[in-house]
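> coords-v4.txt is reproduced below (compact mmCIF, C-alpha atoms).
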```txt
# COMPACT_ATOMS: atom_id res chain seq x y z
CA MET A 1 0.00 0.00 0.00
CA LEU A 2 1.08 3.56 -0.68
CA THR A 3 -0.66 6.73 0.50
CA VAL A 4 -0.54 9.68 -1.89
CA GLN A 5 -1.64 13.19 -0.99
CA PHE A 6 -2.30 16.06 -3.37
CA LEU A 7 -1.97 19.63 -2.14
CA ALA A 8 -3.05 23.14 -3.12
CA ARG A 9 -3.81 23.56 -6.87
CA TYR A 10 -3.29 19.85 -7.58
CA ARG A 11 -5.90 18.86 -4.98
CA GLU A 12 -8.41 21.27 -6.50
CA GLU A 13 -7.75 20.28 -10.11
CA LEU A 14 -7.82 16.55 -9.32
CA GLY A 15 -10.78 16.83 -6.96
CA CYS A 16 -8.85 14.48 -4.70
CA GLU A 17 -7.07 15.09 -1.40
CA SER A 18 -5.49 11.67 -0.91
CA GLU A 19 -5.59 8.17 -2.26
CA GLN A 20 -4.38 4.69 -1.27
CA LEU A 21 -2.63 2.80 -4.06
CA ALA A 22 -2.00 -0.94 -4.12
CA TRP A 23 1.79 -1.39 -4.08
CA GLN A 24 3.50 -2.30 -7.37
CA ASN A 25 6.95 -3.85 -7.38
CA GLU A 26 8.08 -1.82 -10.40
CA TRP A 27 7.88 1.39 -8.37
CA HIS A 28 11.46 2.17 -7.41
CA ASN A 29 11.19 5.93 -6.99
CA ILE A 30 8.57 8.67 -6.65
CA ASP A 31 8.65 9.50 -10.35
CA HIS A 32 7.44 5.96 -11.20
CA VAL A 33 4.30 6.59 -9.14
CA ARG A 34 3.87 9.98 -10.81
CA GLN A 35 4.08 8.35 -14.26
CA PHE A 36 1.52 5.71 -13.18
CA LEU A 37 -0.91 8.47 -12.16
CA ILE A 38 -0.33 10.54 -15.33
CA ALA A 39 -1.08 7.40 -17.41
CA ARG A 40 -4.67 7.50 -16.10
CA GLY A 41 -5.16 10.39 -18.56
CA GLY A 42 -7.59 13.32 -18.27
CA VAL A 43 -7.08 15.60 -15.27
CA TRP A 44 -4.09 13.56 -14.11
CA SER A 45 -1.95 15.37 -16.69
CA VAL A 46 -1.72 18.09 -14.02
CA LEU A 47 1.10 15.97 -12.54
CA SER A 48 3.11 16.50 -15.76
CA ASP A 49 3.87 19.98 -14.41
CA PRO A 50 7.65 20.45 -14.91
CA ARG A 51 7.77 22.41 -11.64
CA ILE A 52 6.13 19.64 -9.59
CA MET A 53 7.47 19.10 -6.08
CA CYS A 54 7.04 16.14 -3.73
CA ALA A 55 7.59 14.78 -0.25
CA ARG A 56 8.16 11.29 1.09
CA ASN A 57 7.22 10.42 4.66
CA GLN A 58 6.83 14.12 5.54
CA ASP A 59 10.16 15.27 4.08
CA VAL A 60 10.44 17.41 0.95
CA CYS A 61 12.57 15.46 -1.54
CA SER A 62 13.26 14.92 -5.25
CA LEU A 63 11.25 12.79 -7.68
CA GLN A 64 14.20 10.39 -7.76
CA GLU A 65 13.83 9.53 -4.07
CA PRO A 66 13.60 5.72 -3.61
CA LEU A 67 10.33 4.28 -2.33
CA GLN A 68 9.06 1.36 -0.33
CA ALA A 69 5.64 -0.08 0.43
CA GLY A 70 3.87 1.76 3.23
CA ASP A 71 5.36 5.14 2.34
CA GLU A 72 3.37 8.34 2.47
CA LEU A 73 3.88 10.53 -0.59
CA ALA A 74 2.68 14.01 -1.44
CA PHE A 75 2.67 15.86 -4.74
CA PHE A 76 2.39 19.65 -4.80
CA PRO A 77 3.04 22.64 -7.09
CA MET A 78 6.07 24.91 -6.83
CA VAL A 79 5.86 26.62 -3.46
CA THR A 80 4.90 30.31 -3.19
CA GLY A 81 5.29 31.27 0.47
CA GLY A 82 7.18 34.18 1.97
CA MET B 1 10.69 31.76 18.87
CA SER B 2 13.00 29.94 16.42
CA ILE B 3 10.25 28.36 14.23
CA ARG B 4 6.59 29.32 14.34
CA VAL B 5 3.76 28.68 11.87
CA GLN B 6 0.54 30.37 12.96
CA SER B 7 -2.78 31.72 11.73
CA ALA B 8 -2.83 34.59 14.24
CA PRO B 9 -1.47 38.01 13.22
CA PHE B 10 1.84 39.13 14.71
CA ASP B 11 3.61 42.40 15.50
CA PRO B 12 6.96 42.53 13.66
CA GLY B 13 8.27 45.20 16.05
CA ALA B 14 7.61 43.08 19.11
CA GLU B 15 9.14 40.03 17.42
CA LEU B 16 12.22 42.02 16.44
CA ASN B 17 12.79 43.34 19.95
CA ALA B 18 12.52 39.80 21.31
CA VAL B 19 15.34 38.62 19.04
CA HIS B 20 18.00 40.47 21.02
CA ALA B 21 16.56 38.91 24.16
CA GLY B 22 19.03 40.75 26.40
CA ASP B 23 21.92 38.69 25.06
CA LEU B 24 25.02 40.86 25.51
CA GLY B 25 26.86 38.82 22.88
CA VAL B 26 24.51 40.02 20.14
CA GLY B 27 26.14 42.77 18.09
CA ALA B 28 23.82 42.64 15.07
CA VAL B 29 20.23 41.71 14.29
CA VAL B 30 18.97 41.62 10.69
CA SER B 31 15.30 41.06 9.93
CA PHE B 32 13.00 40.68 6.95
CA VAL B 33 9.22 41.17 6.95
CA GLY B 34 7.04 40.16 3.98
CA TYR B 35 3.59 41.78 3.59
CA VAL B 36 0.41 41.12 1.61
CA ARG B 37 0.64 43.42 -1.42
CA ASP B 38 -2.38 45.18 -2.88
CA ILE B 39 -1.71 44.47 -6.55
CA ASN B 40 -0.61 41.29 -8.29
CA GLN B 41 -1.16 39.93 -11.78
CA ASP B 42 -3.29 42.88 -12.94
CA ALA B 43 -6.10 42.54 -10.40
CA SER B 44 -6.86 44.08 -7.06
CA ILE B 45 -6.43 41.62 -4.24
CA GLU B 46 -9.15 41.52 -1.61
CA GLN B 47 -7.66 38.75 0.51
CA LEU B 48 -4.86 36.22 0.47
CA PHE B 49 -5.14 32.63 1.64
CA LEU B 50 -2.01 30.73 2.62
CA GLU B 51 -2.19 26.95 2.50
CA HIS B 52 0.59 24.83 3.96
CA TYR B 53 1.46 21.20 4.57
CA PRO B 54 1.16 20.78 8.37
CA GLY B 55 4.07 18.96 9.95
CA VAL B 56 6.15 19.07 6.78
CA THR B 57 6.24 22.88 6.80
CA GLU B 58 7.75 22.99 10.28
CA LYS B 59 10.31 20.32 9.36
CA ALA B 60 11.30 22.19 6.19
CA LEU B 61 11.75 25.46 8.12
CA THR B 62 13.74 23.72 10.85
CA LYS B 63 16.06 22.29 8.20
CA ILE B 64 16.56 25.70 6.54
CA ARG B 65 17.31 27.31 9.91
CA ALA B 66 19.78 24.54 10.79
CA GLU B 67 21.59 25.02 7.48
CA ALA B 68 21.87 28.78 8.10
CA MET B 69 23.20 28.16 11.62
CA GLN B 70 25.78 25.79 10.16
CA ARG B 71 26.91 28.11 7.32
CA TRP B 72 27.30 31.32 9.32
CA PRO B 73 28.44 32.15 12.86
CA LEU B 74 24.95 33.07 14.07
CA ILE B 75 23.82 33.45 17.63
CA ASP B 76 20.23 32.61 16.67
CA ALA B 77 17.80 32.56 13.74
CA HIS B 78 14.02 32.89 13.83
CA ILE B 79 11.34 32.14 11.24
CA LEU B 80 7.68 33.06 11.72
CA HIS B 81 5.13 32.42 8.94
CA ARG B 82 1.38 33.03 8.80
CA VAL B 83 -1.10 30.56 7.32
CA GLY B 84 -4.83 30.81 6.56
CA PRO B 85 -6.68 33.98 5.51
CA LEU B 86 -4.71 37.25 5.48
CA SER B 87 -5.86 40.80 4.79
CA LEU B 88 -4.10 43.44 2.73
CA ALA B 89 -0.94 44.91 4.26
CA GLU B 90 -0.72 42.24 6.96
CA PRO B 91 2.73 40.76 7.62
CA ILE B 92 3.05 37.23 6.17
CA VAL B 93 6.57 36.27 7.17
CA PHE B 94 9.22 37.40 9.64
CA VAL B 95 12.82 36.22 9.55
CA ALA B 96 15.49 37.49 11.92
CA THR B 97 19.10 36.51 12.47
CA SER B 98 21.46 37.60 15.21
CA SER B 99 25.24 37.45 15.29
CA MET B 100 28.29 39.19 16.72
CA HIS B 101 28.97 41.05 13.45
CA ARG B 102 26.61 42.22 10.72
CA GLU B 103 27.97 40.24 7.75
CA ALA B 104 26.77 36.86 8.98
CA ALA B 105 23.35 38.19 10.01
CA PHE B 106 22.78 39.94 6.64
CA ALA B 107 23.80 36.93 4.55
CA ALA B 108 21.96 34.36 6.65
CA CYS B 109 18.71 36.36 6.65
CA GLU B 110 18.78 36.54 2.86
CA PHE B 111 19.68 32.86 2.57
CA ILE B 112 16.78 31.84 4.82
CA MET B 113 14.28 33.86 2.77
CA ASP B 114 15.62 32.49 -0.54
CA TYR B 115 15.38 28.91 0.69
CA LEU B 116 11.99 29.45 2.36
CA LYS B 117 10.55 30.78 -0.91
CA THR B 118 11.68 27.71 -2.84
CA ARG B 119 11.61 24.84 -0.32
CA ALA B 120 8.99 25.43 2.36
CA PRO B 121 5.53 24.07 1.45
CA PHE B 122 3.36 27.19 1.46
CA TRP B 123 1.00 28.18 -1.35
CA LYS B 124 -0.66 31.56 -1.85
CA LYS B 125 -4.17 31.84 -3.23
CA GLU B 126 -5.30 35.34 -4.12
CA GLN B 127 -8.93 36.39 -3.85
CA THR B 128 -9.64 39.21 -6.28
CA SER B 129 -12.77 40.99 -7.49
CA SER B 130 -12.82 38.57 -10.44
CA GLY B 131 -12.43 35.35 -8.43
CA SER B 132 -9.60 33.46 -6.79
CA HIS B 133 -6.45 31.95 -8.25
CA TRP B 134 -3.27 30.24 -7.07
CA VAL B 135 -0.10 32.31 -7.31
CA GLU B 136 2.44 30.82 -9.74
CA GLY B 137 5.96 30.06 -8.54
CA ARG B 138 8.61 32.35 -10.03
CA ASP B 139 11.79 31.24 -11.75
CA SER B 140 13.55 34.31 -10.30
CA ASP B 141 12.99 32.84 -6.82
CA GLN B 142 14.62 29.59 -7.95
CA GLN B 143 17.59 31.54 -9.32
CA ALA B 144 17.90 33.51 -6.10
CA ALA B 145 18.06 30.28 -4.09
CA ALA B 146 20.50 28.64 -6.54
CA ARG B 147 23.16 31.32 -6.02
CA TRP B 148 23.74 29.99 -2.50
CA ASN B 149 24.98 26.74 -4.05
CA THR B 150 28.17 28.42 -5.25
CA PRO B 151 31.06 27.70 -2.85
CA GLU B 152 32.26 31.31 -2.58
CA LYS B 153 28.89 32.36 -1.09
CA ASP B 154 28.88 29.58 1.48
CA THR B 155 30.65 31.53 4.15
CA VAL B 156 31.22 35.15 5.00
```
Go through the file and emit its structure as structure tokens.


Amino acid sequence: MLTVQFLARYREELGCESEQLAWQNEWHNIDHVRQFLIARGGVWSVLSDPRIMCARNQDVCSLQEPLQAGDELAFFPMVTGG
Amino acid sequence: MSIRVQSAPFDPGAELNAVHAGDLGVGAVVSFVGYVRDINQDASIEQLFLEHYPGVTEKALTKIRAEAMQRWPLIDAHILHRVGPLSLAEPIVFVATSSMHREAAFAACEFIMDYLKTRAPFWKKEQTSSGSHWVEGRDSDQQAAARWNTPEKDTV
């Protein structure tokens, strides 16, 4: 199992705050999960955003971060605080 | 204070005075305050909403502060950021650094703001007379943060 959260503009455009995904052994990093979601088509193309950011287990990280079953992921747009 | 994420308004003057905290070793305090502007992207802003990623935001700010403390000889560094609905002209963010001499405090304050703007999970949504929209991230902010990667800027 993998928990995926979507924040800010992504949450609104996807109409989805979080989702549980059945674990797939071919997922070695966060980008593999992103590609899986984009392949659903339609609104999921929002995750093709070249400025996408992500976090794994509550730490901001890169899309190349390795994964394991049970992880909590989050995808979010480029940050705009300050 | 060190790290604070809050929905309540704050008084930058009071926060700034608290930074010295009667520490006789402090020779310099540098601060930055960011405010809600009245104009952005060709529309009048009525209100700003700041979303964040609870838990992760605090961790990201703690990491940025720790990196600043490691790079420069600081006595302390403080980051305060608002979340939720904000009105025009309200302070959004307060960053202050203290050190024995000004160079470290100046550089570290700028570094913290540059990293906060590109690494801390906050998102601004502007409410205007014609509806609301998410603020787009700016490449210039990314470039500002990237300059701290060059070795000659690592220390003062």

> Smallest atom-to-atom distance to chain B: which of A:Glu12, A:Asp59, A:Asp49, A:Glu17, using only C-alpha atoms?

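Checking each of A:Glu12, A:Asp59, A:Asp49, A:Glu17 against chain B, counting only C-alpha atoms, the winner is A:Asp59.
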
> With distances taken over only C-alpha atoms, which residue among A:Ala39, A:Asn57, A:Asp71, A:Val33 lies nearest chain B?

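Counting only C-alpha atoms, the residue closest to chain B is A:Asn57.
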
> Using Å and a single decimal, report how far atom CA of Ala14 of chain B sits from atom CA of Trp72 of chain B.

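Distance reported for this atom pair: 24.9 Å.
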
> Using only C-alpha atoms, which residue out of A:Gly15, A:Gly42, A:Gly70, A:Pro50 lies closest to chain B?

A:Pro50

> Find the residues of chain A in contact range of chain B, meaning any atom within 9 Å when counting all atoms listed in the file, and list them as a PyMOL selection string.

chain A and resi 7-9+51+55+57-60+76-82

> With distances taken over all atoms listed in the file, which residue among B:Leu16, B:Val29, B:Leu48, B:Ala146 lies nearest Gly84 of chain B?

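Checking each candidate against Gly84 of chain B, we get B:Leu48 as the closest.
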
> Would you please work out which residue, of A:Glu65, A:His32, A:Arg56, A:Trp27, is nearest to Thr3 of chain A when using all atoms listed in the file?

A:Arg56

> Take the point (4.7, 18.5, -4.6) in the file's coordinates, draw a sphere of radius 6 Å around it, and report as an mmCIF file with C-alpha atoms, in the frame of the given file every protein, DNA or RNA residue with an atom inside or on it, counting all atoms listed in the file.


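Output contents, as saved in selection_32.cif:
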```
data_model
loop_
_atom_site.group_PDB
_atom_site.id
_atom_site.type_symbol
_atom_site.label_atom_id
_atom_site.label_comp_id
_atom_site.auth_asym_id
_atom_site.auth_seq_id
_atom_site.Cartn_x
_atom_site.Cartn_y
_atom_site.Cartn_z
ATOM 1 C CA ILE A 52 6.130 19.640 -9.590
ATOM 2 C CA MET A 53 7.470 19.100 -6.080
ATOM 3 C CA CYS A 54 7.040 16.140 -3.730
ATOM 4 C CA ALA A 74 2.680 14.010 -1.440
ATOM 5 C CA PHE A 75 2.670 15.860 -4.740
ATOM 6 C CA PHE A 76 2.390 19.650 -4.800
ATOM 7 C CA PRO A 77 3.040 22.640 -7.090
#
```

> Measure the distance from atom CA of Ser2 of chain B to atom CA of Ala145 of chain B in Å and round it to one decimal.

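We find that atom CA of Ser2 of chain B and atom CA of Ala145 of chain B lie 21.1 Å from each other.
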
> Choose the residue, out of B:Ile79, B:Val30, B:Leu88, B:Ile45, that has the smallest atom-to-atom separation from Ala105 of chain B; count only C-alpha atoms.

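The shortest atom-to-atom distance to Ala105 of chain B comes from B:Val30.
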
> Could you state the separation of atom CA of Ala28 of chain B and atom CA of Ala96 of chain B in Å, given to one decimal place?

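Between atom CA of Ala28 of chain B and atom CA of Ala96 of chain B the gap is 10.3 Å.
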
> Select, counting only C-alpha atoms, all protein, DNA and RNA residues no farther than 8 Å from (8.7, 10.2, -9.0) in file coordinates, and express the selection as a ChimeraX atom specification.

/A:29-35,62-65

> Put the listed atoms of segment 116-120 of chain B in a box along x, y and z with 4 Å added on every side and give me the centre and edge lengths in Å to one decimal, as AutoDock Vina command-line options.


```
--center_x 10.5 --center_y 27.8 --center_z -0.2 --size_x 11.0 --size_y 13.9 --size_z 13.2
```
